[in-house]
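Here is the structure we will look at.
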Amino acid sequence: MSSLTGPAEFGAGTAGGRFAAVGDVLALTGRHLRHLRRTPEKLIAVALTPVAMVVILGYLFASVITIKNSGGVEYHDYVMAGVFAQIGLTCIGITALGVASDMGKGLIDRFRSLPMARSSVLVSHTAADLVPVAISMVAVGGIGLLVGWRTDAGPLPILGGFALLLAFAYAMLWLGALLGMVLRNMEAINGISALALVILSFMSNSFMPLSGLPGWLRTAVEWNPVSTVSEACRVLWGNAPASSGGSLPMEHPVLVSAITVGALIAVLIPVALRTFRTAAVR
Amino acid sequence: MDIAIAAENLGKRYGNHQALAGVDLEVRSGTVLGLLGHNGAGKTTTIRMLATLLEPDSGSARVAGFDVVREQREVRRRIGLAGQYAAVDELLTGRENLVLLGTLLRLGRRRARQRAEELLTAFELTGAADRPVRTYSGGMRRRLDLAACLIASPTVLFLDEPTTGLDPASRMVLWKMVREQVAQGVTVLLTTQYLEEADFLADRIMVFAAGRTLAEGTPDELKQKVGEEWLEVAVATAEDLPAALSALGPVAVASPTVDETGNRISVQLADRMGSIATAAAALEGCGADVVDFALRRPSLDDVFFHLTGESKPGPNKSGENPTTTAEDGS
């Protein structure tokens, strides 16, 4: 397939190179946003899951959970970063289903037979799916404030935390795109993305500190990007407990999470684009 | 004589399965080539290669003068593709679908809108233009699909089973629209499972089986390969069969074949007009109740079954009883 990956791929040719490729992405993103507007139930489902988590964890459970050596951090403050990080995981399934349903129909064949930049199909999918991510984050933040989440951090660290969360979610959207192309089958995608959501969010410090875990498992869980991203946000927002455990990822969560999220994006995007180029529709 | 599509020795393997085993084809500009064959015969693989969606393992092809592997972009500028499933977005309206594709074809916003309007009118979709495609009937969807592949006014059109699943009326509408395109000089390569469709639309037909070409020619040439016309007589009840058979005996070249479930007799005649007259008179006199009396020419069905070496389920399509009929005599 070497000839498919040449420079001609990116909209070169007489019609105007990269500039035209941007036009393709915009046109297709418009398509996905229309889809979103016409199926609001999808958006509601995406936003509601993390909102429910905030209510359950931050309100119902918060009264019975206290964090050891917290240094004054309440559980509802602690858990917010975890729920924000979980939004990225929830959206794996959304992108996967969107991409798989496109692949299952002849429409992708038509796109592929047009003289457009092929990469724009996935770039627009993932760009458009950032909209439900952002909406979920606003909803979660709002409900969080209602249940008592507070931060005394300045605007820059707060924005830094959200930028990290968005970057992580973006990486997860590309993982979703890859999953959608590999699995194709809707039931399989639902199953796998639910499993990924449970494993990646509960095998992390999203909802509880890791002090109780045995050594080997603790190391694995601490390096889970969900853990480092959550911890980084806690540190940035002043929601982190006094003692975080002493390991490298927990001592320097901002740096470690920035590097891991950057690495995820750097790997997932080219792999997904390549999979798309070689994927046959049937 | 201008060649719009030329392929040489096209081959494709999927693991152990040889999907396409060296296909050559040539389509002159402004004509229609129909690829005929069962599911899995390699028709779709051929179309996908020519439309640059799939790279051949062997061989090469040129479409509209450009190589499908090395000059994909140039090929894509000049082709329209309608796949097996109507490739339109269900959630968008008909108009939005066309405008989106026009934008992706880089017509520019204004021109894309204008072109969408033209095509909606030409394909009688103006009334439904602003409804989501989800609410369209099968025929409307296919029409929109065909309109979508005409946005950039392609010179070569690939239609992969364009009317599968359509009712006869919608099929006829779509056929007419394809013919209009051909009349305007567009070259069409279409695949179909319907012999009737190939007969109606195609100037030349290629019969495919197991990744190979079995035969190529005009519909008439292919029919001639199968042989002579024959007389088919149907009687009202099984009791009428013996009388009719003995009446037909004198005019038959070989012994007539009988399809008992349909009470039908097929017989090859020695000479045309004389034999028809003799047969008609003999049947009239024998007392059998004749309900159908017709001279049949081989249909593309017969051609297809003849070439693929399969026996055809009885001439009356009763299915159960694969009586060998006259066309196997050639």
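Naming works like this for the structure tokens: A, B, ... for the chains as they're shown, residue 1 at the start of each chain, ligands 1 onward in shown order.
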
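For chain B, the residues having at least one atom no farther than 6 Å from chain A, when counting only C-alpha atoms, are Arg73, Arg76, Arg77, Tyr85, Ala87, Val88 and Leu104 of chain B.
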
Export of prior selection with all heavy atoms as a PDB file, in the first residue's frame:
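Dumped to result22.pdb:
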ATOM      1  N   ARG B  73      -5.358  10.100  -7.801  1.00  0.00           N
ATOM      2  CA  ARG B  73      -6.062  11.372  -7.664  1.00  0.00           C
ATOM      3  C   ARG B  73      -6.689  11.806  -8.990  1.00  0.00           C
ATOM      4  O   ARG B  73      -7.814  12.278  -9.030  1.00  0.00           O
ATOM      5  CB  ARG B  73      -5.085  12.424  -7.148  1.00  0.00           C
ATOM      6  CG  ARG B  73      -5.740  13.677  -6.673  1.00  0.00           C
ATOM      7  CD  ARG B  73      -4.833  14.434  -5.753  1.00  0.00           C
ATOM      8  NE  ARG B  73      -4.743  13.796  -4.468  1.00  0.00           N
ATOM      9  CZ  ARG B  73      -5.588  14.044  -3.462  1.00  0.00           C
ATOM     10  NH1 ARG B  73      -6.551  14.914  -3.627  1.00  0.00           N
ATOM     11  NH2 ARG B  73      -5.466  13.441  -2.320  1.00  0.00           N
ATOM     12  N   ARG B  76      -9.667   9.657  -9.560  1.00  0.00           N
ATOM     13  CA  ARG B  76     -10.794  10.021  -8.687  1.00  0.00           C
ATOM     14  C   ARG B  76     -11.514  11.272  -9.147  1.00  0.00           C
ATOM     15  O   ARG B  76     -12.706  11.445  -8.875  1.00  0.00           O
ATOM     16  CB  ARG B  76     -10.299  10.221  -7.253  1.00  0.00           C
ATOM     17  CG  ARG B  76      -9.993   8.918  -6.580  1.00  0.00           C
ATOM     18  CD  ARG B  76      -9.501   9.135  -5.184  1.00  0.00           C
ATOM     19  NE  ARG B  76      -8.858   7.914  -4.716  1.00  0.00           N
ATOM     20  CZ  ARG B  76      -7.893   7.886  -3.831  1.00  0.00           C
ATOM     21  NH1 ARG B  76      -7.454   8.996  -3.299  1.00  0.00           N
ATOM     22  NH2 ARG B  76      -7.371   6.741  -3.467  1.00  0.00           N
ATOM     23  N   ARG B  77     -10.784  12.148  -9.808  1.00  0.00           N
ATOM     24  CA  ARG B  77     -11.429  13.363 -10.308  1.00  0.00           C
ATOM     25  C   ARG B  77     -12.423  13.058 -11.424  1.00  0.00           C
ATOM     26  O   ARG B  77     -13.262  13.870 -11.735  1.00  0.00           O
ATOM     27  CB  ARG B  77     -10.378  14.288 -10.918  1.00  0.00           C
ATOM     28  CG  ARG B  77      -9.696  15.179  -9.942  1.00  0.00           C
ATOM     29  CD  ARG B  77      -8.805  16.130 -10.723  1.00  0.00           C
ATOM     30  NE  ARG B  77      -7.547  16.332 -10.029  1.00  0.00           N
ATOM     31  CZ  ARG B  77      -7.447  16.962  -8.883  1.00  0.00           C
ATOM     32  NH1 ARG B  77      -8.521  17.429  -8.310  1.00  0.00           N
ATOM     33  NH2 ARG B  77      -6.289  17.102  -8.291  1.00  0.00           N
ATOM     34  N   TYR B  85     -24.531  -0.617  -1.559  1.00  0.00           N
ATOM     35  CA  TYR B  85     -25.508  -0.057  -0.651  1.00  0.00           C
ATOM     36  C   TYR B  85     -25.543   1.432  -0.920  1.00  0.00           C
ATOM     37  O   TYR B  85     -24.512   2.037  -1.124  1.00  0.00           O
ATOM     38  CB  TYR B  85     -25.102  -0.337   0.786  1.00  0.00           C
ATOM     39  CG  TYR B  85     -24.754  -1.758   0.981  1.00  0.00           C
ATOM     40  CD1 TYR B  85     -23.437  -2.193   0.963  1.00  0.00           C
ATOM     41  CD2 TYR B  85     -25.770  -2.703   1.109  1.00  0.00           C
ATOM     42  CE1 TYR B  85     -23.127  -3.529   1.087  1.00  0.00           C
ATOM     43  CE2 TYR B  85     -25.467  -4.033   1.232  1.00  0.00           C
ATOM     44  CZ  TYR B  85     -24.138  -4.450   1.220  1.00  0.00           C
ATOM     45  OH  TYR B  85     -23.850  -5.771   1.326  1.00  0.00           O
ATOM     46  N   ALA B  87     -24.889   4.799  -0.756  1.00  0.00           N
ATOM     47  CA  ALA B  87     -23.881   5.418   0.093  1.00  0.00           C
ATOM     48  C   ALA B  87     -24.245   6.852   0.400  1.00  0.00           C
ATOM     49  O   ALA B  87     -23.619   7.786  -0.053  1.00  0.00           O
ATOM     50  CB  ALA B  87     -22.517   5.344  -0.583  1.00  0.00           C
ATOM     51  N   VAL B  88     -25.326   7.026   1.149  1.00  0.00           N
ATOM     52  CA  VAL B  88     -25.744   8.364   1.512  1.00  0.00           C
ATOM     53  C   VAL B  88     -25.897   8.422   3.023  1.00  0.00           C
ATOM     54  O   VAL B  88     -26.046   7.395   3.673  1.00  0.00           O
ATOM     55  CB  VAL B  88     -27.068   8.740   0.804  1.00  0.00           C
ATOM     56  CG1 VAL B  88     -26.814   9.063  -0.645  1.00  0.00           C
ATOM     57  CG2 VAL B  88     -28.081   7.618   0.917  1.00  0.00           C
ATOM     58  N   LEU B 104     -16.716  18.455  -0.767  1.00  0.00           N
ATOM     59  CA  LEU B 104     -15.554  17.562  -0.740  1.00  0.00           C
ATOM     60  C   LEU B 104     -14.930  17.428  -2.128  1.00  0.00           C
ATOM     61  O   LEU B 104     -13.743  17.148  -2.260  1.00  0.00           O
ATOM     62  CB  LEU B 104     -15.945  16.186  -0.206  1.00  0.00           C
ATOM     63  CG  LEU B 104     -16.339  16.162   1.270  1.00  0.00           C
ATOM     64  CD1 LEU B 104     -16.839  14.794   1.669  1.00  0.00           C
ATOM     65  CD2 LEU B 104     -15.165  16.565   2.159  1.00  0.00           C
TER      66      LEU B 104
END

So that I can see what lies close to B:Val32, please list as a PDB file with N, CA and C atoms, in the first residue's frame the residues with an atom at most 9 Å from it, counting only C-alpha atoms and leaving out residues fewer than 4 positions away in the same chain.
ATOM      1  N   VAL B  27     -13.356  -1.036 -22.124  1.00  0.00           N
ATOM      2  CA  VAL B  27     -14.661  -0.416 -22.368  1.00  0.00           C
ATOM      3  C   VAL B  27     -14.451   0.839 -23.196  1.00  0.00           C
ATOM      4  N   ARG B  28     -15.129   0.913 -24.328  1.00  0.00           N
ATOM      5  CA  ARG B  28     -15.016   2.102 -25.172  1.00  0.00           C
ATOM      6  C   ARG B  28     -15.781   3.253 -24.559  1.00  0.00           C
ATOM      7  N   VAL B 182     -25.494   7.782 -20.297  1.00  0.00           N
ATOM      8  CA  VAL B 182     -24.764   7.181 -21.415  1.00  0.00           C
ATOM      9  C   VAL B 182     -24.983   8.006 -22.683  1.00  0.00           C
ATOM     10  N   VAL B 186     -21.222   9.458 -21.143  1.00  0.00           N
ATOM     11  CA  VAL B 186     -20.558   8.864 -19.981  1.00  0.00           C
ATOM     12  C   VAL B 186     -20.332   7.368 -20.227  1.00  0.00           C
ATOM     13  N   THR B 187     -19.173   6.879 -19.791  1.00  0.00           N
ATOM     14  CA  THR B 187     -18.876   5.454 -19.892  1.00  0.00           C
ATOM     15  C   THR B 187     -19.312   4.788 -18.595  1.00  0.00           C
ATOM     16  N   VAL B 188     -19.992   3.659 -18.696  1.00  0.00           N
ATOM     17  CA  VAL B 188     -20.497   3.015 -17.488  1.00  0.00           C
ATOM     18  C   VAL B 188     -19.975   1.589 -17.392  1.00  0.00           C
ATOM     19  N   LEU B 189     -19.508   1.236 -16.185  1.00  0.00           N
ATOM     20  CA  LEU B 189     -19.210  -0.161 -15.886  1.00  0.00           C
ATOM     21  C   LEU B 189     -20.160  -0.544 -14.777  1.00  0.00           C
ATOM     22  N   LEU B 190     -20.997  -1.534 -15.035  1.00  0.00           N
ATOM     23  CA  LEU B 190     -21.939  -1.889 -13.994  1.00  0.00           C
ATOM     24  C   LEU B 190     -21.884  -3.374 -13.698  1.00  0.00           C
ATOM     25  N   LEU B 201     -29.326  -2.580 -20.224  1.00  0.00           N
ATOM     26  CA  LEU B 201     -28.418  -1.439 -20.143  1.00  0.00           C
ATOM     27  C   LEU B 201     -27.110  -1.608 -20.903  1.00  0.00           C
ATOM     28  N   ALA B 202     -26.626  -2.856 -20.971  1.00  0.00           N
ATOM     29  CA  ALA B 202     -25.237  -3.020 -21.389  1.00  0.00           C
ATOM     30  C   ALA B 202     -25.090  -3.186 -22.901  1.00  0.00           C
ATOM     31  N   ASP B 203     -24.057  -2.549 -23.446  1.00  0.00           N
ATOM     32  CA  ASP B 203     -23.700  -2.776 -24.846  1.00  0.00           C
ATOM     33  C   ASP B 203     -22.949  -4.086 -24.982  1.00  0.00           C
ATOM     34  N   ARG B 204     -22.093  -4.323 -23.992  1.00  0.00           N
ATOM     35  CA  ARG B 204     -21.367  -5.587 -23.958  1.00  0.00           C
ATOM     36  C   ARG B 204     -21.482  -6.168 -22.555  1.00  0.00           C
ATOM     37  N   ILE B 205     -21.366  -7.480 -22.496  1.00  0.00           N
ATOM     38  CA  ILE B 205     -21.513  -8.158 -21.215  1.00  0.00           C
ATOM     39  C   ILE B 205     -20.321  -9.083 -20.997  1.00  0.00           C
TER      40      ILE B 205
END

TODO: Compare B:Ala148, B:Leu91, B:Ala82, B:Ala183 by their minimum atom-to-atom distance to B:Pro162, counting only C-alpha atoms, and give me the closest one.
DONE: B:Ala82

From a backbone DSSP assignment, name each residue in stretch 215-278 of chain B labelled alpha helix (DSSP H), as a compact mmCIF listing (two decimals) with all heavy atoms, in the first residue's frame.
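Result file follows (out-v8.txt):
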# COMPACT_ATOMS: atom_id res chain seq x y z
N PRO B 219 -25.04 -8.80 -25.86
CA PRO B 219 -26.08 -9.71 -25.40
C PRO B 219 -26.48 -10.71 -26.48
O PRO B 219 -26.65 -11.90 -26.20
CB PRO B 219 -27.23 -8.79 -25.03
CG PRO B 219 -26.57 -7.50 -24.64
CD PRO B 219 -25.36 -7.40 -25.51
N ASP B 220 -26.60 -10.25 -27.71
CA ASP B 220 -27.01 -11.15 -28.79
C ASP B 220 -25.96 -12.22 -29.07
O ASP B 220 -26.28 -13.39 -29.27
CB ASP B 220 -27.31 -10.37 -30.07
CG ASP B 220 -28.67 -9.70 -29.99
OD1 ASP B 220 -29.53 -10.21 -29.22
OD2 ASP B 220 -28.87 -8.68 -30.67
N GLU B 221 -24.70 -11.80 -29.08
CA GLU B 221 -23.62 -12.78 -29.32
C GLU B 221 -23.65 -13.87 -28.26
O GLU B 221 -23.46 -15.05 -28.55
CB GLU B 221 -22.26 -12.08 -29.29
CG GLU B 221 -21.92 -11.33 -30.56
CD GLU B 221 -20.71 -10.42 -30.39
OE1 GLU B 221 -20.04 -10.49 -29.33
OE2 GLU B 221 -20.45 -9.64 -31.31
N LEU B 222 -23.86 -13.44 -27.02
CA LEU B 222 -23.86 -14.43 -25.95
C LEU B 222 -25.02 -15.39 -26.08
O LEU B 222 -24.88 -16.59 -25.87
CB LEU B 222 -23.91 -13.73 -24.59
CG LEU B 222 -22.63 -13.01 -24.17
CD1 LEU B 222 -22.80 -12.38 -22.81
CD2 LEU B 222 -21.45 -13.98 -24.15
N LYS B 223 -26.15 -14.85 -26.47
CA LYS B 223 -27.32 -15.71 -26.63
C LYS B 223 -27.10 -16.72 -27.75
O LYS B 223 -27.51 -17.87 -27.66
CB LYS B 223 -28.57 -14.89 -26.90
CG LYS B 223 -29.07 -14.17 -25.66
CD LYS B 223 -30.22 -13.29 -26.01
CE LYS B 223 -30.52 -12.32 -24.89
NZ LYS B 223 -31.40 -11.24 -25.35
N GLN B 224 -26.42 -16.25 -28.79
CA GLN B 224 -26.18 -17.17 -29.90
C GLN B 224 -25.26 -18.31 -29.51
O GLN B 224 -25.35 -19.40 -30.05
CB GLN B 224 -25.59 -16.41 -31.08
CG GLN B 224 -26.68 -15.84 -31.96
CD GLN B 224 -26.18 -14.73 -32.86
OE1 GLN B 224 -24.99 -14.69 -33.16
NE2 GLN B 224 -27.06 -13.84 -33.25
N LYS B 225 -24.36 -18.04 -28.57
CA LYS B 225 -23.47 -19.10 -28.12
C LYS B 225 -24.25 -20.27 -27.57
O LYS B 225 -23.81 -21.40 -27.61
CB LYS B 225 -22.58 -18.58 -26.99
CG LYS B 225 -21.39 -17.82 -27.46
CD LYS B 225 -20.40 -17.67 -26.35
CE LYS B 225 -19.32 -16.73 -26.83
NZ LYS B 225 -18.10 -16.82 -26.10
N VAL B 226 -25.38 -19.96 -26.97
CA VAL B 226 -26.14 -21.00 -26.31
C VAL B 226 -26.94 -21.82 -27.28
O VAL B 226 -27.24 -22.99 -27.04
CB VAL B 226 -27.05 -20.37 -25.25
CG1 VAL B 226 -27.86 -21.42 -24.54
CG2 VAL B 226 -26.21 -19.60 -24.29
N LEU B 241 -50.49 -34.28 -21.43
CA LEU B 241 -49.10 -34.36 -21.89
C LEU B 241 -48.86 -35.42 -22.97
O LEU B 241 -48.27 -35.11 -24.01
CB LEU B 241 -48.15 -34.60 -20.71
CG LEU B 241 -47.80 -33.36 -19.86
CD1 LEU B 241 -47.01 -33.76 -18.64
CD2 LEU B 241 -47.01 -32.35 -20.69
N PRO B 242 -49.31 -36.68 -22.75
CA PRO B 242 -48.99 -37.70 -23.78
C PRO B 242 -49.51 -37.34 -25.16
O PRO B 242 -48.78 -37.46 -26.15
CB PRO B 242 -49.70 -38.95 -23.24
CG PRO B 242 -49.88 -38.71 -21.78
CD PRO B 242 -50.04 -37.22 -21.62
N ALA B 243 -50.74 -36.84 -25.23
CA ALA B 243 -51.32 -36.48 -26.53
C ALA B 243 -50.50 -35.38 -27.20
O ALA B 243 -50.16 -35.46 -28.39
CB ALA B 243 -52.77 -36.03 -26.35
N ALA B 244 -50.13 -34.36 -26.40
CA ALA B 244 -49.36 -33.25 -26.95
C ALA B 244 -47.99 -33.73 -27.42
O ALA B 244 -47.49 -33.31 -28.47
CB ALA B 244 -49.22 -32.15 -25.91
N LEU B 245 -47.39 -34.62 -26.63
CA LEU B 245 -46.07 -35.13 -26.98
C LEU B 245 -46.09 -35.86 -28.31
O LEU B 245 -45.23 -35.65 -29.18
CB LEU B 245 -45.56 -36.10 -25.90
CG LEU B 245 -44.64 -35.51 -24.83
CD1 LEU B 245 -44.32 -36.56 -23.78
CD2 LEU B 245 -43.36 -34.99 -25.47
N SER B 246 -47.08 -36.71 -28.49
CA SER B 246 -47.13 -37.46 -29.74
C SER B 246 -47.43 -36.53 -30.92
O SER B 246 -46.95 -36.75 -32.04
CB SER B 246 -48.13 -38.62 -29.66
OG SER B 246 -49.41 -38.11 -29.33
N ALA B 247 -48.19 -35.47 -30.66
CA ALA B 247 -48.46 -34.50 -31.72
C ALA B 247 -47.21 -33.75 -32.15
O ALA B 247 -47.02 -33.43 -33.32
CB ALA B 247 -49.53 -33.52 -31.26
N LEU B 248 -46.34 -33.49 -31.18
CA LEU B 248 -45.13 -32.72 -31.47
C LEU B 248 -44.01 -33.58 -32.04
O LEU B 248 -43.08 -33.07 -32.66
CB LEU B 248 -44.63 -32.01 -30.21
CG LEU B 248 -45.49 -30.83 -29.73
CD1 LEU B 248 -45.05 -30.38 -28.33
CD2 LEU B 248 -45.39 -29.68 -30.70
N ARG B 272 -38.01 -23.45 -39.10
CA ARG B 272 -38.78 -22.52 -38.30
C ARG B 272 -40.27 -22.47 -38.63
O ARG B 272 -41.09 -23.07 -37.94
CB ARG B 272 -38.18 -21.12 -38.43
CG ARG B 272 -37.48 -20.71 -37.15
CD ARG B 272 -37.06 -19.28 -37.25
NE ARG B 272 -37.84 -18.48 -36.34
CZ ARG B 272 -37.79 -17.15 -36.31
NH1 ARG B 272 -37.03 -16.51 -37.14
NH2 ARG B 272 -38.50 -16.49 -35.44
N MET B 273 -40.59 -21.74 -39.68
CA MET B 273 -42.00 -21.46 -39.93
C MET B 273 -42.81 -22.72 -40.21
O MET B 273 -43.89 -22.90 -39.66
CB MET B 273 -42.13 -20.46 -41.10
CG MET B 273 -41.58 -19.08 -40.81
SD MET B 273 -42.07 -18.45 -39.21
CE MET B 273 -43.80 -18.11 -39.51
N GLY B 274 -42.24 -23.59 -41.06
CA GLY B 274 -42.97 -24.79 -41.42
C GLY B 274 -43.31 -25.62 -40.19
O GLY B 274 -44.44 -26.07 -40.00
N SER B 275 -42.31 -25.78 -39.33
CA SER B 275 -42.51 -26.61 -38.16
C SER B 275 -43.51 -26.01 -37.20
O SER B 275 -44.30 -26.71 -36.58
CB SER B 275 -41.18 -26.81 -37.42
OG SER B 275 -40.30 -27.52 -38.23
N ILE B 276 -43.46 -24.67 -37.09
CA ILE B 276 -44.41 -24.02 -36.18
C ILE B 276 -45.84 -24.29 -36.65
O ILE B 276 -46.71 -24.66 -35.87
CB ILE B 276 -44.15 -22.50 -36.12
CG1 ILE B 276 -42.80 -22.23 -35.44
CG2 ILE B 276 -45.26 -21.81 -35.34
CD1 ILE B 276 -42.38 -20.79 -35.51
N ALA B 277 -46.04 -24.13 -37.94
CA ALA B 277 -47.38 -24.35 -38.49
C ALA B 277 -47.82 -25.80 -38.29
O ALA B 277 -48.93 -26.07 -37.82
CB ALA B 277 -47.39 -24.00 -39.98
N THR B 278 -46.90 -26.75 -38.59
CA THR B 278 -47.23 -28.17 -38.43
C THR B 278 -47.56 -28.47 -36.98
O THR B 278 -48.54 -29.16 -36.67
CB THR B 278 -46.03 -29.05 -38.86
OG1 THR B 278 -45.49 -28.50 -40.07
CG2 THR B 278 -46.45 -30.49 -39.05

Open item on the list: Counting only C-alpha atoms, which residue out of B:Met206, B:Arg109, B:Leu53, B:Asp259 sits closest to A:Phe276?
Closed with: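 Answer, going by the shortest atom-to-atom distance: B:Leu53.
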
Open item on the list: Which residues are close to A:Pro253, i.e. within 9 Å by only C-alpha atoms, leaving aside same-chain residues fewer than 4 positions away? Reply as a PyMOL selection string.
Closed with: chain A and resi 227-233+235+248-249+257-258

Task: All residues 12 Å or closer to A:Lys42, only C-alpha atoms, same chain fewer than 5 positions away omitted, as a list in words - done: His35, Leu36, Arg37, Ala47, Leu48, Thr49, Thr90, Cys91, Gly93, Ile94, Thr95, Leu97, Gly98, Asp129, Val131, Pro132, Val133 and Ser136 of chain A

TODO: Just the residues within 9 Å of A:Gly88, please, counting only C-alpha atoms, with nothing from its chain fewer than 2 positions along; format it as a ChimeraX atom specification.
DONE: /A:84-86,90-92,133,165-166,168-173

With all heavy atoms kept, could you save the residues just selected as a compact mmCIF listing (two decimals), in the first residue's frame?
# COMPACT_ATOMS: atom_id res chain seq x y z
N PHE A 84 -13.79 13.83 35.83
CA PHE A 84 -13.42 14.55 34.60
C PHE A 84 -12.60 13.66 33.68
O PHE A 84 -12.82 13.63 32.46
CB PHE A 84 -12.61 15.81 34.95
CG PHE A 84 -13.45 17.01 35.29
CD1 PHE A 84 -13.34 17.62 36.53
CD2 PHE A 84 -14.35 17.52 34.37
CE1 PHE A 84 -14.11 18.74 36.84
CE2 PHE A 84 -15.12 18.64 34.68
CZ PHE A 84 -15.00 19.25 35.91
N ALA A 85 -11.64 12.93 34.25
CA ALA A 85 -10.80 12.06 33.42
C ALA A 85 -11.63 10.94 32.80
O ALA A 85 -11.39 10.52 31.67
CB ALA A 85 -9.66 11.48 34.26
N GLN A 86 -12.64 10.50 33.57
CA GLN A 86 -13.48 9.39 33.08
C GLN A 86 -14.27 9.78 31.83
O GLN A 86 -14.62 8.91 31.03
CB GLN A 86 -14.45 9.01 34.19
CG GLN A 86 -14.93 7.58 34.08
CD GLN A 86 -16.14 7.35 34.97
OE1 GLN A 86 -16.79 8.28 35.42
NE2 GLN A 86 -16.43 6.09 35.20
N THR A 90 -15.41 7.52 28.57
CA THR A 90 -16.79 7.32 28.11
C THR A 90 -16.88 7.54 26.60
O THR A 90 -17.65 6.89 25.92
CB THR A 90 -17.74 8.32 28.80
OG1 THR A 90 -17.34 8.44 30.16
CG2 THR A 90 -19.17 7.86 28.73
N CYS A 91 -16.07 8.48 26.12
CA CYS A 91 -16.19 8.85 24.71
C CYS A 91 -15.47 7.90 23.76
O CYS A 91 -15.64 8.00 22.54
CB CYS A 91 -15.71 10.27 24.50
SG CYS A 91 -16.85 11.44 25.25
N ILE A 92 -14.69 6.94 24.30
CA ILE A 92 -14.08 5.92 23.44
C ILE A 92 -15.18 5.25 22.62
O ILE A 92 -15.11 5.14 21.40
CB ILE A 92 -13.35 4.84 24.26
CG1 ILE A 92 -12.16 5.44 25.00
CG2 ILE A 92 -12.89 3.70 23.35
CD1 ILE A 92 -11.43 4.43 25.86
N VAL A 133 -17.53 15.87 24.54
CA VAL A 133 -16.57 15.88 25.65
C VAL A 133 -16.68 17.21 26.40
O VAL A 133 -16.81 17.24 27.63
CB VAL A 133 -15.12 15.68 25.13
CG1 VAL A 133 -14.11 15.99 26.23
CG2 VAL A 133 -14.92 14.27 24.61
N LEU A 165 -7.02 17.51 30.47
CA LEU A 165 -8.17 16.61 30.36
C LEU A 165 -8.65 16.52 28.91
O LEU A 165 -8.97 15.43 28.42
CB LEU A 165 -9.31 17.11 31.25
CG LEU A 165 -9.13 16.89 32.75
CD1 LEU A 165 -10.15 17.70 33.53
CD2 LEU A 165 -9.24 15.41 33.10
N LEU A 166 -8.69 17.64 28.22
CA LEU A 166 -9.12 17.63 26.83
C LEU A 166 -8.14 16.85 25.96
O LEU A 166 -8.55 16.07 25.08
CB LEU A 166 -9.26 19.06 26.28
CG LEU A 166 -10.60 19.76 26.54
CD1 LEU A 166 -10.54 21.19 26.00
CD2 LEU A 166 -11.75 19.00 25.87
N PHE A 168 -6.21 14.44 26.94
CA PHE A 168 -6.39 13.02 27.25
C PHE A 168 -7.64 12.48 26.54
O PHE A 168 -7.61 11.42 25.91
CB PHE A 168 -6.51 12.81 28.77
CG PHE A 168 -6.88 11.41 29.15
CD1 PHE A 168 -5.99 10.37 28.93
CD2 PHE A 168 -8.12 11.13 29.71
CE1 PHE A 168 -6.33 9.07 29.26
CE2 PHE A 168 -8.47 9.83 30.03
CZ PHE A 168 -7.58 8.80 29.82
N ALA A 169 -8.74 13.25 26.62
CA ALA A 169 -9.97 12.82 25.95
C ALA A 169 -9.73 12.69 24.44
O ALA A 169 -10.19 11.74 23.80
CB ALA A 169 -11.09 13.82 26.22
N TYR A 170 -8.96 13.62 23.86
CA TYR A 170 -8.68 13.58 22.43
C TYR A 170 -7.93 12.29 22.06
O TYR A 170 -8.26 11.62 21.08
CB TYR A 170 -7.86 14.81 22.02
CG TYR A 170 -7.77 14.99 20.53
CD1 TYR A 170 -8.91 15.14 19.76
CD2 TYR A 170 -6.53 15.00 19.90
CE1 TYR A 170 -8.82 15.31 18.39
CE2 TYR A 170 -6.44 15.18 18.51
CZ TYR A 170 -7.59 15.33 17.77
OH TYR A 170 -7.51 15.49 16.42
N ALA A 171 -6.96 11.93 22.91
CA ALA A 171 -6.25 10.67 22.68
C ALA A 171 -7.22 9.50 22.72
O ALA A 171 -7.17 8.59 21.89
CB ALA A 171 -5.15 10.49 23.73
N MET A 172 -8.15 9.54 23.68
CA MET A 172 -9.12 8.44 23.81
C MET A 172 -10.06 8.37 22.60
O MET A 172 -10.49 7.30 22.20
CB MET A 172 -9.92 8.59 25.11
CG MET A 172 -9.09 8.37 26.37
SD MET A 172 -8.32 6.72 26.41
CE MET A 172 -6.63 7.12 26.01
N LEU A 173 -10.38 9.54 22.01
CA LEU A 173 -11.24 9.55 20.82
C LEU A 173 -10.54 8.83 19.68
O LEU A 173 -11.16 8.09 18.91
CB LEU A 173 -11.59 10.98 20.41
CG LEU A 173 -12.38 11.81 21.44
CD1 LEU A 173 -12.68 13.19 20.88
CD2 LEU A 173 -13.67 11.11 21.81

Open item on the list: What's the separation between atom CA of B:Met177 and atom CA of B:Val303, in Å to one decimal place?
Closed with: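 So the answer is 26.8 Å.
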
- [ ] Name all residues at most 8 Å from stretch 261-271 of chain B (count only C-alpha atoms; drop same-chain ones fewer than 3 positions away) and give them as a PyMOL selection string.
- [x] chain B and resi 228-238+241+245+248+251-258+274-276+316+318+321+325-326

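If only C-alpha atoms are the atoms counted, then among A:Phe202, A:Trp216, A:Trp237, A:Trp174 the closest residue to A:Ala127 is A:Trp174.
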
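Backbone DSSP assigns strand (DSSP E or B) in stretch 141-243 of chain B to B:Val156, B:Leu157, B:Phe158, B:Leu159, B:Asp160, B:Thr187, B:Val188, B:Leu189, B:Leu190, B:Thr191, B:Thr192, B:Arg204, B:Ile205, B:Met206, B:Val207, B:Phe208, B:Ala209, B:Arg212, B:Thr213, B:Leu214, B:Ala215, B:Glu216, B:Gly217, B:Trp230, B:Leu231, B:Glu232, B:Val233, B:Ala234, B:Val235.
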